[in-house]
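S.K.: Got protein.cif for you, mmCIF, C-alpha atoms:
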```
data_coords
#
loop_
_atom_site.label_atom_id
_atom_site.label_comp_id
_atom_site.auth_asym_id
_atom_site.auth_seq_id
_atom_site.Cartn_x
_atom_site.Cartn_y
_atom_site.Cartn_z
CA MET A 1 101.06 101.16 -74.14
CA ARG A 2 97.54 101.65 -75.34
CA PHE A 3 97.08 104.53 -72.89
CA GLU A 4 100.35 106.15 -73.92
CA GLU A 5 99.21 106.07 -77.53
CA ALA A 6 95.89 107.73 -76.66
CA TYR A 7 97.56 110.17 -74.27
CA GLY A 8 100.13 111.17 -76.89
CA GLY A 9 97.40 111.77 -79.50
CA TRP A 10 95.54 113.97 -77.05
CA GLN A 11 98.70 115.90 -76.11
CA GLU A 12 99.51 116.52 -79.75
CA ARG A 13 95.91 117.65 -80.30
CA ARG A 14 95.29 114.91 -82.86
CA LEU A 15 92.56 113.47 -80.60
CA THR A 16 89.96 115.06 -78.39
CA GLN A 17 89.42 113.68 -74.87
CA GLY A 18 86.25 111.98 -76.08
CA GLU A 19 88.03 110.29 -79.00
CA ALA A 20 90.93 109.16 -76.77
CA ALA A 21 88.46 107.75 -74.23
CA ARG A 22 86.62 105.81 -76.95
CA LEU A 23 89.93 104.40 -78.14
CA LEU A 24 90.46 102.95 -74.63
CA GLY A 25 86.84 101.86 -74.24
CA VAL A 26 86.14 104.14 -71.25
CA CYS A 27 84.14 107.30 -70.63
CA ASP A 28 85.56 110.84 -70.75
CA ARG A 29 85.58 111.12 -66.96
CA THR A 30 87.60 107.91 -66.52
CA PHE A 31 90.11 109.09 -69.13
CA ARG A 32 90.60 112.33 -67.17
CA ARG A 33 91.23 110.27 -64.02
CA TYR A 34 93.83 108.23 -65.93
CA ILE A 35 95.53 111.47 -67.03
CA ASN A 36 95.82 112.73 -63.43
CA ARG A 37 97.16 109.39 -62.13
CA TYR A 38 99.59 109.06 -65.04
CA GLU A 39 100.98 112.56 -64.57
CA GLU A 40 101.42 111.96 -60.82
CA GLU A 41 102.73 108.36 -60.73
CA GLY A 42 103.50 107.34 -64.28
CA LEU A 43 102.36 103.96 -65.65
CA GLU A 44 102.38 102.49 -62.11
CA GLY A 45 99.50 104.80 -61.26
CA LEU A 46 97.30 103.11 -63.86
CA ILE A 47 97.48 99.65 -62.19
CA ASP A 48 94.21 98.68 -60.43
CA LYS A 49 94.94 98.93 -56.70
CA ARG A 50 92.37 96.18 -55.99
CA LEU A 51 94.65 93.57 -57.55
CA ASP A 52 97.16 93.65 -54.70
CA GLN A 53 94.85 94.48 -51.81
CA ILE A 54 93.17 91.92 -49.55
CA SER A 55 89.62 92.70 -48.45
CA HIS A 56 89.25 93.23 -44.71
CA ARG A 57 86.00 91.22 -44.94
CA ARG A 58 87.71 88.15 -46.34
CA ALA A 59 87.19 85.02 -44.19
CA PRO A 60 90.23 83.48 -42.47
CA VAL A 61 91.70 80.43 -44.20
CA ASP A 62 91.02 78.16 -41.21
CA GLU A 63 87.28 79.05 -41.32
CA VAL A 64 87.10 78.09 -44.99
CA LEU A 65 88.91 74.82 -44.24
CA ARG A 66 86.48 74.01 -41.41
CA VAL A 67 83.50 74.42 -43.72
CA THR A 68 84.96 72.32 -46.54
CA GLU A 69 86.18 69.60 -44.16
CA LYS A 70 82.78 69.41 -42.51
CA TYR A 71 81.19 68.89 -45.92
CA ARG A 72 83.75 66.19 -46.87
CA SER A 73 83.44 64.30 -43.60
CA ARG A 74 79.64 64.03 -43.17
CA HIS A 75 77.73 65.69 -45.98
CA GLU A 76 79.35 64.61 -49.22
CA GLY A 77 76.78 64.55 -52.03
CA TRP A 78 74.44 67.10 -50.37
CA ASN A 79 73.45 70.11 -52.43
CA ALA A 80 74.50 73.58 -51.31
CA LYS A 81 71.12 74.65 -49.93
CA HIS A 82 70.68 71.48 -47.86
CA PHE A 83 74.22 71.74 -46.45
CA TYR A 84 73.67 75.44 -45.68
CA ALA A 85 70.58 74.60 -43.60
CA TRP A 86 72.71 72.28 -41.43
CA TYR A 87 75.55 74.85 -41.35
CA ARG A 88 73.16 77.46 -39.92
CA ARG A 89 71.75 74.95 -37.41
CA ASP A 90 75.30 74.37 -36.14
CA GLY A 91 75.78 78.11 -35.53
CA GLY A 92 77.39 79.19 -38.82
CA GLY A 93 77.10 82.91 -39.50
CA ARG A 94 78.09 83.27 -43.16
CA SER A 95 75.65 83.83 -46.02
CA TYR A 96 74.32 81.10 -48.31
CA THR A 97 76.22 82.58 -51.29
CA TRP A 98 79.50 82.56 -49.33
CA VAL A 99 79.09 78.90 -48.31
CA LYS A 100 78.11 77.83 -51.84
CA SER A 101 81.05 79.71 -53.40
CA ARG A 102 83.57 78.12 -51.01
CA LEU A 103 82.26 74.63 -51.79
CA GLN A 104 82.39 75.34 -55.52
CA GLU A 105 85.94 76.70 -55.27
CA ALA A 106 86.99 73.51 -53.46
CA GLY A 107 85.42 71.39 -56.23
CA LEU A 108 82.98 69.77 -53.78
CA ILE A 109 79.82 70.79 -55.63
CA LYS A 110 79.25 71.66 -59.27
CA LYS A 111 77.73 74.85 -60.57
CA ALA A 112 74.11 74.36 -61.62
CA LYS A 113 73.19 74.49 -65.28
CA GLY A 114 71.39 77.55 -66.59
CA ARG A 115 67.63 77.59 -66.33
CA GLY A 116 65.49 76.62 -69.32
CA LYS A 117 63.08 78.80 -71.20
CA HIS A 118 60.63 80.99 -69.32
CA ARG A 119 57.31 79.43 -68.36
CA LYS A 120 54.40 81.06 -66.60
CA ARG A 121 53.68 79.41 -63.26
CA ARG A 122 50.18 78.80 -61.96
CA GLN A 123 49.24 81.24 -59.23
CA ARG A 124 49.09 79.82 -55.73
CA ALA A 125 45.80 79.59 -53.88
CA PRO A 126 45.28 82.86 -51.96
CA TRP A 127 44.48 81.26 -48.56
CA PRO A 128 45.69 78.20 -46.66
CA GLY A 129 43.08 75.45 -46.85
CA MET A 130 41.69 76.45 -50.24
CA MET A 131 43.61 73.73 -52.11
CA LEU A 132 45.74 70.87 -50.80
CA HIS A 133 47.94 68.49 -52.77
CA GLN A 134 48.26 64.82 -51.90
CA ASP A 135 50.70 62.48 -53.62
CA GLY A 136 53.03 59.56 -52.99
CA SER A 137 56.60 58.85 -54.05
CA THR A 138 58.09 55.35 -54.31
CA HIS A 139 61.81 55.44 -53.61
CA GLN A 140 64.61 53.55 -51.85
CA TRP A 141 64.54 55.80 -48.80
CA VAL A 142 66.80 53.46 -46.82
CA PRO A 143 69.21 50.84 -48.25
CA GLY A 144 67.41 47.71 -49.47
CA ALA A 145 63.83 48.96 -48.90
CA GLN A 146 61.36 50.56 -51.31
CA TRP A 147 58.74 52.55 -49.40
CA ASP A 148 56.07 55.05 -50.41
CA LEU A 149 56.26 58.53 -48.87
CA ILE A 150 52.75 60.06 -48.63
CA VAL A 151 52.65 63.87 -48.41
CA THR A 152 49.64 66.18 -47.96
CA MET A 153 50.68 69.81 -48.45
CA ASP A 154 49.08 73.24 -48.85
CA ASP A 155 49.13 74.95 -52.24
CA ALA A 156 49.18 78.47 -50.74
CA THR A 157 52.12 78.08 -48.35
CA ASN A 158 53.94 74.80 -49.23
CA GLU A 159 53.37 73.72 -45.61
CA HIS A 160 53.45 69.94 -45.19
CA TYR A 161 50.56 68.99 -42.91
CA SER A 162 51.11 65.22 -43.08
CA MET A 163 54.11 63.05 -44.00
CA PHE A 164 54.56 59.32 -43.40
CA PHE A 165 55.99 56.16 -44.95
CA VAL A 166 53.86 53.14 -45.94
CA GLU A 167 54.63 49.90 -47.73
CA GLU A 168 52.30 50.81 -50.62
CA GLU A 169 50.22 53.88 -51.48
CA GLY A 170 46.47 53.27 -51.61
CA THR A 171 43.06 54.10 -50.19
CA ALA A 172 44.12 53.58 -46.56
CA SER A 173 47.16 55.87 -46.84
CA SER A 174 45.05 58.58 -48.54
CA PHE A 175 42.44 58.39 -45.76
CA ARG A 176 45.19 58.64 -43.15
CA GLY A 177 46.77 61.74 -44.74
CA VAL A 178 43.45 63.60 -45.06
CA GLY A 179 42.41 62.54 -41.55
CA GLU A 180 45.59 63.96 -40.01
CA VAL A 181 44.96 67.31 -41.74
CA ILE A 182 41.30 67.56 -40.66
CA GLU A 183 42.10 66.58 -37.06
CA SER A 184 44.91 69.16 -36.78
CA ARG A 185 43.57 72.03 -38.95
CA GLY A 186 39.94 71.41 -39.93
CA LEU A 187 38.03 70.88 -43.17
CA PHE A 188 39.58 72.28 -46.36
CA SER A 189 38.00 73.26 -49.70
CA SER A 190 39.62 71.11 -52.39
CA LEU A 191 42.17 68.35 -52.95
CA TYR A 192 44.43 68.11 -56.03
CA THR A 193 45.59 64.58 -56.88
CA ASP A 194 46.89 62.41 -59.68
CA ARG A 195 44.55 59.91 -61.39
CA GLY A 196 45.60 56.90 -59.31
CA SER A 197 42.97 54.14 -59.12
CA HIS A 198 42.30 54.78 -55.42
CA TYR A 199 41.44 58.42 -56.20
CA TRP A 200 39.50 58.06 -59.47
CA HIS A 201 37.84 55.58 -61.82
CA THR A 202 39.25 56.18 -65.31
CA PRO A 203 37.26 54.28 -68.00
CA GLN A 204 39.97 54.63 -70.65
CA ALA A 205 43.69 54.55 -69.88
CA GLY A 206 45.06 58.08 -70.11
CA GLY A 207 41.54 59.50 -70.55
CA LYS A 208 39.27 61.63 -68.42
CA VAL A 209 38.15 60.49 -64.99
CA ASP A 210 34.54 59.43 -64.29
CA LYS A 211 33.32 61.94 -61.70
CA ASN A 212 29.92 60.24 -61.51
CA ASN A 213 31.43 56.95 -60.31
CA PRO A 214 33.48 57.81 -57.22
CA THR A 215 35.95 55.49 -55.56
CA GLN A 216 35.78 54.81 -51.82
CA PHE A 217 38.05 57.81 -51.32
CA GLY A 218 35.98 59.97 -53.67
CA ARG A 219 32.80 59.02 -51.79
CA ALA A 220 34.38 60.11 -48.50
CA MET A 221 35.49 63.46 -49.94
CA ARG A 222 32.01 64.05 -51.36
CA GLN A 223 30.51 63.22 -47.95
CA LEU A 224 32.81 65.80 -46.32
CA GLY A 225 32.08 68.43 -48.99
CA ILE A 226 35.70 68.51 -50.27
CA GLU A 227 36.06 69.05 -54.01
CA MET A 228 38.48 66.69 -55.78
CA ILE A 229 40.51 67.99 -58.74
CA PRO A 230 42.32 65.52 -61.07
CA ALA A 231 45.73 66.31 -62.63
CA TYR A 232 46.21 65.28 -66.25
CA SER A 233 50.00 65.61 -66.54
CA PRO A 234 53.14 65.55 -64.36
CA GLU A 235 53.65 69.24 -65.19
CA ALA A 236 50.25 70.02 -63.66
CA ARG A 237 51.58 68.60 -60.38
CA GLY A 238 54.88 70.43 -60.73
CA ARG A 239 54.75 71.92 -57.25
CA SER A 240 54.52 68.55 -55.50
CA GLU A 241 56.91 66.90 -58.00
CA ARG A 242 59.61 69.47 -57.18
CA MET A 243 59.05 68.89 -53.46
CA PHE A 244 59.50 65.14 -53.89
CA ARG A 245 62.81 65.70 -55.71
CA THR A 246 63.94 67.70 -52.68
CA HIS A 247 62.77 64.97 -50.29
CA GLN A 248 64.51 62.23 -52.28
CA ASP A 249 67.75 64.20 -52.13
CA ARG A 250 67.59 65.32 -48.49
CA LEU A 251 65.60 62.72 -46.60
CA CYS A 252 67.69 59.73 -47.70
CA LYS A 253 70.86 61.46 -46.50
CA GLU A 254 69.32 62.49 -43.17
CA LEU A 255 67.99 58.98 -42.47
CA ALA A 256 71.44 57.57 -43.27
CA ALA A 257 73.14 60.16 -41.06
CA GLU A 258 70.84 59.18 -38.17
CA GLY A 259 71.39 55.45 -38.78
CA ILE A 260 67.66 54.80 -39.37
CA ALA A 261 66.72 51.64 -41.29
CA ASP A 262 63.18 50.65 -40.15
CA MET A 263 59.85 52.28 -41.04
CA GLU A 264 58.59 52.92 -37.50
CA THR A 265 61.72 54.88 -36.52
CA ALA A 266 61.72 56.68 -39.89
CA ASN A 267 58.11 57.84 -39.36
CA ARG A 268 58.99 59.06 -35.87
CA TYR A 269 61.95 61.02 -37.31
CA LEU A 270 59.64 62.53 -39.94
CA ARG A 271 57.18 63.80 -37.30
CA GLN A 272 59.67 65.00 -34.72
CA ALA A 273 62.58 66.39 -36.76
CA TYR A 274 62.35 66.40 -40.55
CA GLN A 275 58.85 67.80 -41.14
CA PRO A 276 59.16 70.76 -38.70
CA SER A 277 62.60 71.62 -40.07
CA PHE A 278 61.43 71.33 -43.69
CA ASN A 279 58.40 73.55 -43.06
CA ALA A 280 60.52 76.16 -41.28
CA GLU A 281 62.80 76.40 -44.32
CA PHE A 282 60.38 76.05 -47.24
CA MET A 283 57.07 77.50 -46.04
CA GLN A 284 56.00 80.71 -47.76
CA PRO A 285 53.52 83.33 -46.58
CA ALA A 286 50.08 82.99 -48.19
CA PRO A 287 49.32 85.52 -50.96
CA GLU A 288 46.45 86.94 -48.87
CA GLU A 289 45.58 87.14 -45.19
CA GLY A 290 42.97 84.66 -43.99
CA SER A 291 42.25 80.92 -43.86
CA ALA A 292 39.81 78.62 -45.65
CA PHE A 293 40.00 75.93 -42.93
CA ILE A 294 36.82 75.43 -40.91
CA ALA A 295 36.39 73.37 -37.74
CA TYR A 296 34.92 69.90 -38.27
CA ALA A 297 31.89 69.15 -36.06
CA GLY A 298 30.12 66.34 -37.94
CA GLN A 299 29.86 62.62 -37.26
CA ASP A 300 32.84 60.55 -36.18
CA LEU A 301 35.52 61.24 -38.80
CA ARG A 302 36.73 57.65 -38.56
CA ASP A 303 33.39 56.41 -39.94
CA ILE A 304 33.69 58.66 -43.00
CA LEU A 305 37.37 58.14 -43.86
CA CYS A 306 36.98 54.41 -44.36
CA GLU A 307 35.76 51.93 -46.98
CA GLN A 308 32.01 51.33 -46.94
CA HIS A 309 30.42 48.25 -48.52
CA GLU A 310 26.75 47.26 -48.60
CA ARG A 311 25.81 43.72 -47.60
CA VAL A 312 22.65 41.75 -46.77
CA VAL A 313 22.46 39.87 -43.44
CA GLY A 314 22.15 36.09 -43.83
CA ASN A 315 19.67 33.72 -42.14
CA ASP A 316 22.24 33.02 -39.40
CA ASN A 317 22.48 36.73 -38.46
CA CYS A 318 25.96 36.83 -40.03
CA VAL A 319 27.36 39.24 -42.61
CA ALA A 320 29.68 37.74 -45.20
CA PHE A 321 32.58 40.03 -46.02
CA GLU A 322 35.70 38.95 -47.94
CA ARG A 323 35.66 35.33 -46.68
CA LYS A 324 34.89 36.43 -43.12
CA LYS A 325 31.66 35.79 -41.22
CA LEU A 326 30.77 38.77 -39.04
CA GLN A 327 28.35 37.48 -36.39
CA LEU A 328 25.87 40.12 -35.23
CA PRO A 329 25.29 40.09 -31.44
CA ARG A 330 21.87 40.24 -29.77
CA ASP A 331 20.24 43.65 -30.10
CA ARG A 332 17.56 45.16 -27.87
CA ALA A 333 16.21 47.23 -30.78
CA ARG A 334 14.95 44.22 -32.77
CA LEU A 335 14.90 40.42 -32.65
CA HIS A 336 17.07 39.82 -35.71
CA TYR A 337 18.49 41.47 -38.86
CA VAL A 338 17.91 38.60 -41.31
CA ARG A 339 17.78 39.89 -44.91
CA VAL A 340 18.34 43.48 -43.75
CA ARG A 341 20.64 45.63 -45.85
CA VAL A 342 23.58 46.83 -43.72
CA ARG A 343 26.84 48.67 -44.28
CA VAL A 344 30.29 47.24 -43.52
CA HIS A 345 33.01 49.77 -42.66
CA ARG A 346 36.63 48.77 -43.12
CA TYR A 347 39.03 51.21 -41.41
CA PRO A 348 42.61 52.01 -42.52
CA ASP A 349 43.99 49.84 -39.68
CA GLY A 350 42.04 46.80 -40.96
CA CYS A 351 39.33 46.74 -38.26
CA LEU A 352 35.68 46.31 -39.29
CA ALA A 353 32.25 47.50 -38.18
CA VAL A 354 28.66 46.80 -39.24
CA PHE A 355 26.16 49.69 -39.42
CA HIS A 356 22.40 49.76 -39.89
CA GLY A 357 21.66 53.32 -40.93
CA PRO A 358 23.42 55.58 -38.40
CA ARG A 359 23.61 52.84 -35.72
CA CYS A 360 26.75 50.76 -35.20
CA LEU A 361 25.64 47.17 -34.54
CA ALA A 362 29.07 45.70 -33.79
CA ARG A 363 32.80 46.17 -34.24
CA TYR A 364 35.39 43.52 -35.18
CA ASP A 365 39.16 43.17 -35.37
CA GLY A 366 40.97 42.50 -38.66
CA THR A 367 40.24 38.75 -38.48
CA GLY A 368 36.48 39.24 -38.01
CA ALA A 369 36.44 38.47 -34.27
CA LEU A 370 33.80 40.42 -32.34
CA LEU A 371 35.21 43.13 -30.05
CA THR A 372 33.89 43.70 -26.54
CA GLU A 373 32.64 47.15 -25.46
CA HIS A 374 35.98 47.86 -23.75
CA GLU A 375 37.96 46.76 -26.81
CA THR A 376 35.68 48.90 -28.99
CA ARG A 377 36.39 52.02 -26.89
CA VAL A 378 40.14 51.36 -27.06
CA ALA A 379 40.00 50.85 -30.85
CA ALA A 380 38.00 54.07 -31.30
#
```
For the file at hand, write its structure as C-alpha cells.
M.R.:
Amino acid sequence: MRFEEAYGGWQERRLTQGEAARLLGVCDRTFRRYINRYEEEGLEGLIDKRLDQISHRRAPVDEVLRVTEKYRSRHEGWNAKHFYAWYRRDGGGRSYTWVKSRLQEAGLIKKAKGRGKHRKRRQRAPWPGMMLHQDGSTHQWVPGAQWDLIVTMDDATNEHYSMFFVEEEGTASSFRGVGEVIESRGLFSSLYTDRGSHYWHTPQAGGKVDKNNPTQFGRAMRQLGIEMIPAYSPEARGRSERMFRTHQDRLCKELAAEGIADMETANRYLRQAYQPSFNAEFMQPAPEEGSAFIAYAGQDLRDILCEQHERVVGNDNCVAFERKKLQLPRDRARLHYVRVRVRVHRYPDGCLAVFHGPRCLARYDGTGALLTEHETRVAA
C-alpha cells in the first residue's frame, strides 16, 4: 500500500523518483527496480523472494540434532568455544559460528553480554623467553578436593611451559615450575609474579616489595640472572587471570569426563593431553621473529633452585637443621668441620645436602638419614 501511494504520486507527476524513493526509505535505483517488478508481476513481484527460499547451504536437520544431542549428553555446561574444540577433534567440519548459533537456537547456551568500555592492553613481549608469568590458582578441580594449579607461561605467545597440581602453592612449587622451563627451553630474561610471600618480602601489607631482601626464590632468580617483576594489582596480571578462568571452566569438566579424582593421575593427564591441546588452541605467534631463551650451562640447576640456609657445624661434627641432626661423614680433605660455617640445601622433594663452599659434603633424605653414594646418584 505504501508503494502504491508512492507509485501513484510518481505517475501523476506529483512526486519525482527521488521523492518517491525517500518516501519508501530506499534509494532511487531500488525504487526503479520496484517499478519494473510491479509493472511485470503486480504486488506479488514486490515480495522478497528470500522469504520462501531455502538456502542450498543449509545443514540437514539430522546434523543439527546430532550436534545438539552430543552437547546435551556429555558436554552440558561447556562454553561454545570449548565444545567446538571437541567437535573439531571428533571430525566436525562446520565453522565455530555455525556450531555456536545452533547451540544458542536450541537454548543450550546463552548469548554473551556485550563487552565493557574500551581499555588499552599492554603490548606483549616481542620474543618468547623475554617475560614469563608464574601464578597459582586454588580451586576445587575435582569433587571434594581443593588443589593449587601452578602455571608458568610465556607472555609473548601464551604457551604454557609448565602445568601441575600441588596441595599448596609455595617456594617448592615455584622452583619446580621454573626448573621445568629451564630444563626444556633454557634460561629466560624475566619473571612476572604476584607479591606472594614466597616470591617477595613486603614490609607493609599492600605496599611495595623489598627488592633488597630477597626470599629463597628471589635469591635463586638473582643467582640465575633472571629479573623478577612484581604485580601490584589483579588487573596487572590480567593475561594469566583470564587463562585461569578458562582452566577453571574447561579443566574441571575434562577431568570429570575422564573420571579422574586423584592428583597423580590428574598431573599425568595435564602433561599428556590437556597442556598440548590447550597450547595448540591458544598459542599465538610472537610479535617478532627470534627467541630470548639461552642454553643453561652453569652449575647443577638442582643446587640453585632450592632453599639455602647457613649453619655452623657443632662439636660433634653434626649440623642442626629444623630439629634434625645431620651427621657429617669422614672427609679426606680435612679432619673435621667443627665450628665451620656450612650451607644446608633443602630441595623441593624434601631431601637435604650440606655444602662447604662449592663442595657437597653429604646428602640426606627427608628425615635426615645419610644417603650412600648409590642413593645419592639415584636422588640426583
S.K.: Of the residues A:Glu183, A:Asn279, A:Met221, A:Arg334, which is the one nearest to Ala297 of chain A, using all atoms listed in the file?
M.R.: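 Once distances to Ala297 of chain A are computed over all atoms listed in the file, the minimum belongs to A:Glu183.
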S.K.: Write out as a PyMOL selection string the residues lying within 12 Å of Phe188 of chain A, counting only C-alpha atoms and excluding same-chain residues fewer than 3 positions away.
M.R.: chain A and resi 127-133+152-155+161+178-179+181-185+191-192+221+224-228+291-296
S.K.: Could you check how far atom CA of Leu149 of chain A sits from atom CA of Asn79 of chain A, in Å to one decimal?
M.R.: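 Spanning atom CA of Leu149 of chain A to atom CA of Asn79 of chain A is a straight-line distance of 21.0 Å.
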S.K.: Would you kindly return, as a ChimeraX atom specification, each protein, DNA or RNA residue with an atom no farther than 7 Å from any atom of Gln308 of chain A, considering only C-alpha atoms and excluding same-chain residues fewer than 3 positions away?
M.R.: /A:343-346
S.K.: Take the PyMOL selection byres ((chain A and resi 31) around 10), apply it to the structure above, and return the hits as a list in words.
M.R.: Phe3, Ala6, Tyr7, Gln17, Gly18, Ala20, Ala21, Arg22, Leu24, Gly25, Val26, Cys27, Asp28, Arg29, Thr30, Arg32, Arg33, Tyr34, Ile35, Asn36 and Arg37 of chain A
S.K.: In file coordinates, which residues lie within 12 Å of (63.0, 58.2, -35.4) using all atoms listed in the file, given as a PyMOL selection string?
M.R.: chain A and resi 164+254-275
S.K.: With only C-alpha atoms as the counted atoms, please give the residues lying no more than 12 Å from Lys70 of chain A, apart from itself and same-chain residues fewer than 5 positions off, as a ChimeraX atom specification.
M.R.: /A:63-65,75-76,78,83-84,86-87,90,92,99,103,108
S.K.: By how many Å are atom CA of Asp194 of chain A and atom CA of Gly350 of chain A apart?
M.R.: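 Those two atoms sit 24.9 Å apart.
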S.K.: From the set A:Pro126, A:Gly314, A:Gly206, A:Gly218, which residue has the shortest atom-to-atom contact distance to His336 of chain A, counting only C-alpha atoms?
M.R.: A:Gly314
S.K.: Quick one: distance from atom CA of Leu328 of chain A to atom CA of Arg363 of chain A in Å, one decimal?
M.R.: 9.3 Å
S.K.: Just checking: using only C-alpha atoms, which residue out of A:Met243, A:Val312, A:Leu305, A:Leu370 ends up closest to Leu352 of chain A?
M.R.: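 Closest to Leu352 of chain A of all the choices is A:Leu370.
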S.K.: Which residue out of A:Val67, A:Val151, A:Val342, A:Ala145 has the minimum interatomic distance to Glu241 of chain A when only C-alpha atoms are used?
M.R.: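 For Glu241 of chain A, the nearest of the candidates is A:Val151.
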S.K.: Give me, as a PDB file with C-alpha atoms, in the frame of the given file, all polymer residues having an atom no more than 12 Å from Val319 of chain A, counting only C-alpha atoms and skipping those fewer than 4 positions away in the same chain.
M.R.:
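Result file selection_21.pdb:
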```pdb
ATOM      1  CA  HIS A 309      30.420  48.250 -48.520  1.00  0.00           C
ATOM      2  CA  GLU A 310      26.750  47.260 -48.600  1.00  0.00           C
ATOM      3  CA  ARG A 311      25.810  43.720 -47.600  1.00  0.00           C
ATOM      4  CA  VAL A 312      22.650  41.750 -46.770  1.00  0.00           C
ATOM      5  CA  VAL A 313      22.460  39.870 -43.440  1.00  0.00           C
ATOM      6  CA  GLY A 314      22.150  36.090 -43.830  1.00  0.00           C
ATOM      7  CA  ASN A 315      19.670  33.720 -42.140  1.00  0.00           C
ATOM      8  CA  ARG A 323      35.660  35.330 -46.680  1.00  0.00           C
ATOM      9  CA  LYS A 324      34.890  36.430 -43.120  1.00  0.00           C
ATOM     10  CA  LYS A 325      31.660  35.790 -41.220  1.00  0.00           C
ATOM     11  CA  LEU A 326      30.770  38.770 -39.040  1.00  0.00           C
ATOM     12  CA  GLN A 327      28.350  37.480 -36.390  1.00  0.00           C
ATOM     13  CA  LEU A 328      25.870  40.120 -35.230  1.00  0.00           C
ATOM     14  CA  PRO A 329      25.290  40.090 -31.440  1.00  0.00           C
ATOM     15  CA  TYR A 337      18.490  41.470 -38.860  1.00  0.00           C
ATOM     16  CA  VAL A 338      17.910  38.600 -41.310  1.00  0.00           C
ATOM     17  CA  ARG A 339      17.780  39.890 -44.910  1.00  0.00           C
ATOM     18  CA  VAL A 340      18.340  43.480 -43.750  1.00  0.00           C
ATOM     19  CA  ARG A 341      20.640  45.630 -45.850  1.00  0.00           C
ATOM     20  CA  VAL A 342      23.580  46.830 -43.720  1.00  0.00           C
ATOM     21  CA  ARG A 343      26.840  48.670 -44.280  1.00  0.00           C
ATOM     22  CA  VAL A 344      30.290  47.240 -43.520  1.00  0.00           C
ATOM     23  CA  HIS A 345      33.010  49.770 -42.660  1.00  0.00           C
ATOM     24  CA  LEU A 352      35.680  46.310 -39.290  1.00  0.00           C
ATOM     25  CA  ALA A 353      32.250  47.500 -38.180  1.00  0.00           C
ATOM     26  CA  VAL A 354      28.660  46.800 -39.240  1.00  0.00           C
ATOM     27  CA  PHE A 355      26.160  49.690 -39.420  1.00  0.00           C
ATOM     28  CA  HIS A 356      22.400  49.760 -39.890  1.00  0.00           C
ATOM     29  CA  LEU A 361      25.640  47.170 -34.540  1.00  0.00           C
ATOM     30  CA  ALA A 362      29.070  45.700 -33.790  1.00  0.00           C
ATOM     31  CA  TYR A 364      35.390  43.520 -35.180  1.00  0.00           C
ATOM     32  CA  GLY A 368      36.480  39.240 -38.010  1.00  0.00           C
TER      33      GLY A 368
END
```
